[in-house]
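**Student:** Quick one: structure below, then a few questions.
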Amino acid sequence: MKKATTILILISIIFITSCAELLQILSQASIQQPTVKLRETKLTGWSFEGVELNFSLAVDNPNPVGIHLAGFDYELILADQSFLTGNQNEGVDIAANGQRQVEIPVQLTFRKIYDTFSALKNADSLNYQLKTGFSFDLPVLGAVRIPVQTSGALPNLRLPSLEIKGLKLNNLNLSGADLDLKLGINNPNALKLLVNSLDYNFAVGGRSWLKGETAGLVQVAGKGESVLTLPVKLSFSEMGTSLYQVISGSSSLEYSFEGLADIGADNPLFKPVKLPLNTTGSLRLTK
């Protein structure tokens with residue numbers, strides 16, 4: 001009787017062990033690779049210094065058991081060349097039949113882009129390709145890397161420029177002369193720029209003729225130019241015979257213009273900035 005009981009117990013143990021091994025084999029056979037898909041590419045910041053992007057990817061675990069995302073790597077390609085690389089080694093666990101969202105923030109500076117690819121400086125947009133790889137530690141399958149890539153275009157911003165369009169005599173009287181200084185603000189970009197203010201100092205022959213700040217908003221259309229007219233008042237008592245020489249137009253005027261512009265854009269993501277707008281040259285007075 002004892003012998004029969006012992007045999008029965010042994011048979012039961014073997015049966016239970018076999019069932020456990022069978023269940024393990026069946027479980028292992030059903031393990032699938034997770035899927036990684038790009039959900040959104042979002043422009044989060046934009047200025048004359050550079051752009052900020054955020055790539056959102058969804059990681060889906062189709063398995064009845066939890067898995068571990070060990071990390072990911074990425075490479076940003078511009079002009080068919082590697083420009084920026086990075087990696088994230090902080091792992092996360094993804095529950096059975098669960099999903100995790102992974103963010104990849106990327107910051108790019110225009111100066112570095114232009115230093116690397118001088119031909120891109122005059123482009124309206126910059127085509128890019130993002131290559132990523134997600135590394136997992138999976139049951140049975142072990143280490144698995146899943147590649148994902150996407151492509152798109154980045155907005156390229158170039159600095160506006162200032163040009164002296166002319167100096168015109170409007171009125172001449174016994175006390176002095178009234179002139180108009182015309183400034184051209186050129187926008188090489190596709191989006192509209194907003195010049196909120198402009199502090200300036202216009203000097204001729206090293207002597208300041210006009211100093212002040214513009215009042216009101218100036219809009220400069222994309223790929224366009226806006227011309228500002230600044231009134232200049234010159235006094236005979238202050239300038240003496242030099243004013244007669246200017247009015248006569250017998251010689252060109254060597255000038256310098258130093259400006260500091262508060263510039264924004266017709267885009268909520270654009271970060272307003274103060275930019276110097278300076279120029280020097282020579283001109284003649286027109287009547």
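Ordered as shown in the structure tokens, chains take letters A, B, and onward, while each chain numbers its residues from 1 and ligands are numbered from 1 in the order shown.
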Env of Ser226 in chain A: 7 Å cut, atoms = only C-alpha atoms, seq-sep filter 6 positions within chain, self excluded. Answer as a ChimeraX atom specification.
**Tutor:** /A:184-186,220
**Student:** Could you write out the selected residues, including C-alpha atoms, as a JSON list (two decimals), in the first residue's frame?
**Tutor:**
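Dumped everything to out_16.json:
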```
[["chain", "number", "residue", "atom", "x", "y", "z"],
["A", 184, "GLY", "CA", 14.42, 99.71, -45.41],
["A", 185, "ILE", "CA", 13.97, 96.63, -43.20],
["A", 186, "ASN", "CA", 14.34, 93.49, -45.30],
["A", 220, "VAL", "CA", 7.41, 93.26, -42.56]]
```
**Student:** Please return, as number ranges by chain, all residues of range 21-88 of chain A that DSSP assigns to strand (DSSP E or B) on the basis of the backbone.
**Tutor:** A: 35-46, 50-60, 67-78, 81-88
**Student:** Hey, could you make a per-residue contact list for range 87-162 of chain A against range 63-68 of chain A with 12 Å as the cut-off, showing the nearest pair of atoms and its distance in Å to one decimal, counting only C-alpha atoms, sorted by chain and number, as JSON lines?
**Tutor:**
```
{"residue": "A:Asn89", "atom": "CA", "partner": "A:His68", "partner_atom": "CA", "distance": 11.9}
{"residue": "A:Glu90", "atom": "CA", "partner": "A:His68", "partner_atom": "CA", "distance": 10.7}
{"residue": "A:Gly91", "atom": "CA", "partner": "A:His68", "partner_atom": "CA", "distance": 6.9}
{"residue": "A:Val92", "atom": "CA", "partner": "A:His68", "partner_atom": "CA", "distance": 6.0}
{"residue": "A:Asp93", "atom": "CA", "partner": "A:His68", "partner_atom": "CA", "distance": 4.5}
{"residue": "A:Ile94", "atom": "CA", "partner": "A:Ile67", "partner_atom": "CA", "distance": 5.4}
{"residue": "A:Ala95", "atom": "CA", "partner": "A:Gly66", "partner_atom": "CA", "distance": 4.4}
{"residue": "A:Ala96", "atom": "CA", "partner": "A:Gly66", "partner_atom": "CA", "distance": 4.3}
{"residue": "A:Asn97", "atom": "CA", "partner": "A:Asn63", "partner_atom": "CA", "distance": 5.5}
{"residue": "A:Gly98", "atom": "CA", "partner": "A:Gly66", "partner_atom": "CA", "distance": 8.1}
{"residue": "A:Gln99", "atom": "CA", "partner": "A:Gly66", "partner_atom": "CA", "distance": 10.5}
{"residue": "A:Arg100", "atom": "CA", "partner": "A:His68", "partner_atom": "CA", "distance": 11.0}
{"residue": "A:Phe134", "atom": "CA", "partner": "A:His68", "partner_atom": "CA", "distance": 10.8}
{"residue": "A:Ser135", "atom": "CA", "partner": "A:His68", "partner_atom": "CA", "distance": 8.8}
{"residue": "A:Phe136", "atom": "CA", "partner": "A:His68", "partner_atom": "CA", "distance": 5.7}
{"residue": "A:Asp137", "atom": "CA", "partner": "A:His68", "partner_atom": "CA", "distance": 5.4}
{"residue": "A:Leu138", "atom": "CA", "partner": "A:Ile67", "partner_atom": "CA", "distance": 5.9}
{"residue": "A:Pro139", "atom": "CA", "partner": "A:Ile67", "partner_atom": "CA", "distance": 7.6}
{"residue": "A:Val140", "atom": "CA", "partner": "A:Ile67", "partner_atom": "CA", "distance": 11.2}
{"residue": "A:Leu141", "atom": "CA", "partner": "A:Ile67", "partner_atom": "CA", "distance": 11.1}
{"residue": "A:Gly142", "atom": "CA", "partner": "A:His68", "partner_atom": "CA", "distance": 10.5}
{"residue": "A:Ala143", "atom": "CA", "partner": "A:His68", "partner_atom": "CA", "distance": 10.0}
{"residue": "A:Val144", "atom": "CA", "partner": "A:His68", "partner_atom": "CA", "distance": 10.6}
{"residue": "A:Arg145", "atom": "CA", "partner": "A:His68", "partner_atom": "CA", "distance": 12.0}
```
**Student:** Nearest to Ala265 in chain A among A:Thr41, A:Asn187, A:Asn171, A:Asn127, with distances taken over only C-alpha atoms: which residue is it?
**Tutor:** A:Asn187
**Student:** Record the distance separating CA of Tyr114 in chain A and CA of Lys271 in chain A, expressed in Å with one decimal.
**Tutor:**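 For CA of Tyr114 in chain A relative to CA of Lys271 in chain A, the distance reads 20.3 Å.
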**Student:** DSSP on the backbone, then: every residue of range 190-254 of chain A marked alpha helix (DSSP H), written as a ChimeraX atom specification.
**Tutor:** /A:236-239,241-248
**Student:** Output N, CA and C atoms for every residue in the selection just made, as a PDB file, in the first residue's frame.
**Tutor:**
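Output (selection_12.pdb):
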```pdb
ATOM      1  N   PHE A 236      21.062 125.452 -38.242  1.00  0.00           N
ATOM      2  CA  PHE A 236      22.235 126.227 -38.660  1.00  0.00           C
ATOM      3  C   PHE A 236      23.072 126.626 -37.453  1.00  0.00           C
ATOM      4  N   SER A 237      22.417 126.937 -36.344  1.00  0.00           N
ATOM      5  CA  SER A 237      23.156 127.383 -35.164  1.00  0.00           C
ATOM      6  C   SER A 237      24.034 126.270 -34.603  1.00  0.00           C
ATOM      7  N   GLU A 238      23.643 125.025 -34.799  1.00  0.00           N
ATOM      8  CA  GLU A 238      24.430 123.917 -34.286  1.00  0.00           C
ATOM      9  C   GLU A 238      25.466 123.419 -35.290  1.00  0.00           C
ATOM     10  N   MET A 239      25.122 123.487 -36.591  1.00  0.00           N
ATOM     11  CA  MET A 239      25.996 122.888 -37.587  1.00  0.00           C
ATOM     12  C   MET A 239      26.782 123.918 -38.381  1.00  0.00           C
ATOM     13  N   THR A 241      28.393 126.219 -41.119  1.00  0.00           N
ATOM     14  CA  THR A 241      28.607 126.093 -42.564  1.00  0.00           C
ATOM     15  C   THR A 241      28.548 124.648 -43.052  1.00  0.00           C
ATOM     16  N   SER A 242      28.741 123.685 -42.147  1.00  0.00           N
ATOM     17  CA  SER A 242      28.696 122.278 -42.578  1.00  0.00           C
ATOM     18  C   SER A 242      27.314 121.910 -43.107  1.00  0.00           C
ATOM     19  N   LEU A 243      26.259 122.584 -42.597  1.00  0.00           N
ATOM     20  CA  LEU A 243      24.919 122.298 -43.084  1.00  0.00           C
ATOM     21  C   LEU A 243      24.760 122.780 -44.522  1.00  0.00           C
ATOM     22  N   TYR A 244      25.373 123.932 -44.857  1.00  0.00           N
ATOM     23  CA  TYR A 244      25.328 124.416 -46.235  1.00  0.00           C
ATOM     24  C   TYR A 244      26.004 123.428 -47.177  1.00  0.00           C
ATOM     25  N   GLN A 245      27.091 122.834 -46.728  1.00  0.00           N
ATOM     26  CA  GLN A 245      27.791 121.856 -47.565  1.00  0.00           C
ATOM     27  C   GLN A 245      26.928 120.618 -47.797  1.00  0.00           C
ATOM     28  N   VAL A 246      26.195 120.240 -46.758  1.00  0.00           N
ATOM     29  CA  VAL A 246      25.310 119.082 -46.890  1.00  0.00           C
ATOM     30  C   VAL A 246      24.200 119.378 -47.891  1.00  0.00           C
ATOM     31  N   ILE A 247      23.603 120.563 -47.748  1.00  0.00           N
ATOM     32  CA  ILE A 247      22.481 120.939 -48.618  1.00  0.00           C
ATOM     33  C   ILE A 247      22.922 121.095 -50.056  1.00  0.00           C
ATOM     34  N   SER A 248      24.106 121.609 -50.253  1.00  0.00           N
ATOM     35  CA  SER A 248      24.597 121.811 -51.616  1.00  0.00           C
ATOM     36  C   SER A 248      24.808 120.504 -52.348  1.00  0.00           C
TER      37      SER A 248
END
```
**Student:** Please indicate the distance in Å from CA of Asp124 in chain A to CA of Phe110 in chain A, rounded to one decimal place.
**Tutor:**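 Here the two named atoms are 12.4 Å from each other.
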**Student:** Considering only C-alpha atoms, return as number ranges by chain whatever protein or nucleic-acid residues lie within 9 Å of Thr132 in chain A, sequence-local ones (same chain, fewer than 5 positions apart) excluded.
**Tutor:** A: 72-76, 146-150
**Student:** Those residues you just picked out, can you put them in a file as a PDB file, in the first residue's frame with N, CA and C atoms?
**Tutor:**
```pdb
ATOM      1  N   PHE A  72      16.681  53.913 -25.741  1.00  0.00           N
ATOM      2  CA  PHE A  72      16.597  54.175 -27.175  1.00  0.00           C
ATOM      3  C   PHE A  72      17.743  55.079 -27.594  1.00  0.00           C
ATOM      4  N   ASP A  73      18.047  55.062 -28.884  1.00  0.00           N
ATOM      5  CA  ASP A  73      19.060  55.950 -29.465  1.00  0.00           C
ATOM      6  C   ASP A  73      18.432  56.658 -30.657  1.00  0.00           C
ATOM      7  N   TYR A  74      19.011  57.791 -31.037  1.00  0.00           N
ATOM      8  CA  TYR A  74      18.473  58.514 -32.195  1.00  0.00           C
ATOM      9  C   TYR A  74      19.591  59.225 -32.938  1.00  0.00           C
ATOM     10  N   GLU A  75      19.336  59.490 -34.203  1.00  0.00           N
ATOM     11  CA  GLU A  75      20.267  60.206 -35.070  1.00  0.00           C
ATOM     12  C   GLU A  75      19.461  61.125 -35.980  1.00  0.00           C
ATOM     13  N   LEU A  76      19.809  62.407 -35.992  1.00  0.00           N
ATOM     14  CA  LEU A  76      19.161  63.370 -36.875  1.00  0.00           C
ATOM     15  C   LEU A  76      20.087  63.642 -38.047  1.00  0.00           C
ATOM     16  N   ILE A 146      14.326  47.678 -32.148  1.00  0.00           N
ATOM     17  CA  ILE A 146      13.320  47.965 -33.161  1.00  0.00           C
ATOM     18  C   ILE A 146      13.588  49.356 -33.739  1.00  0.00           C
ATOM     19  N   PRO A 147      13.929  49.435 -35.032  1.00  0.00           N
ATOM     20  CA  PRO A 147      14.206  50.739 -35.643  1.00  0.00           C
ATOM     21  C   PRO A 147      12.926  51.447 -36.087  1.00  0.00           C
ATOM     22  N   VAL A 148      12.934  52.764 -35.948  1.00  0.00           N
ATOM     23  CA  VAL A 148      11.823  53.607 -36.415  1.00  0.00           C
ATOM     24  C   VAL A 148      12.441  54.853 -37.028  1.00  0.00           C
ATOM     25  N   GLN A 149      11.923  55.304 -38.144  1.00  0.00           N
ATOM     26  CA  GLN A 149      12.441  56.534 -38.733  1.00  0.00           C
ATOM     27  C   GLN A 149      11.324  57.376 -39.317  1.00  0.00           C
ATOM     28  N   THR A 150      11.583  58.661 -39.398  1.00  0.00           N
ATOM     29  CA  THR A 150      10.624  59.601 -39.958  1.00  0.00           C
ATOM     30  C   THR A 150      11.403  60.728 -40.631  1.00  0.00           C
TER      31      THR A 150
END
```
**Student:** Which of these residues is nearest to Ile263 in chain A, using only C-alpha atoms: A:Lys192, A:Lys37, A:Arg111, A:Lys131?
**Tutor:**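 Smallest separation from Ile263 in chain A among the options: A:Lys192.
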**Student:** So which one's closest to Val218 in chain A, A:Leu198, A:Val204, A:Asp180, A:Val232? Using only C-alpha atoms, please.
**Tutor:**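 Among the listed residues, the smallest separation from Val218 in chain A belongs to A:Leu198.
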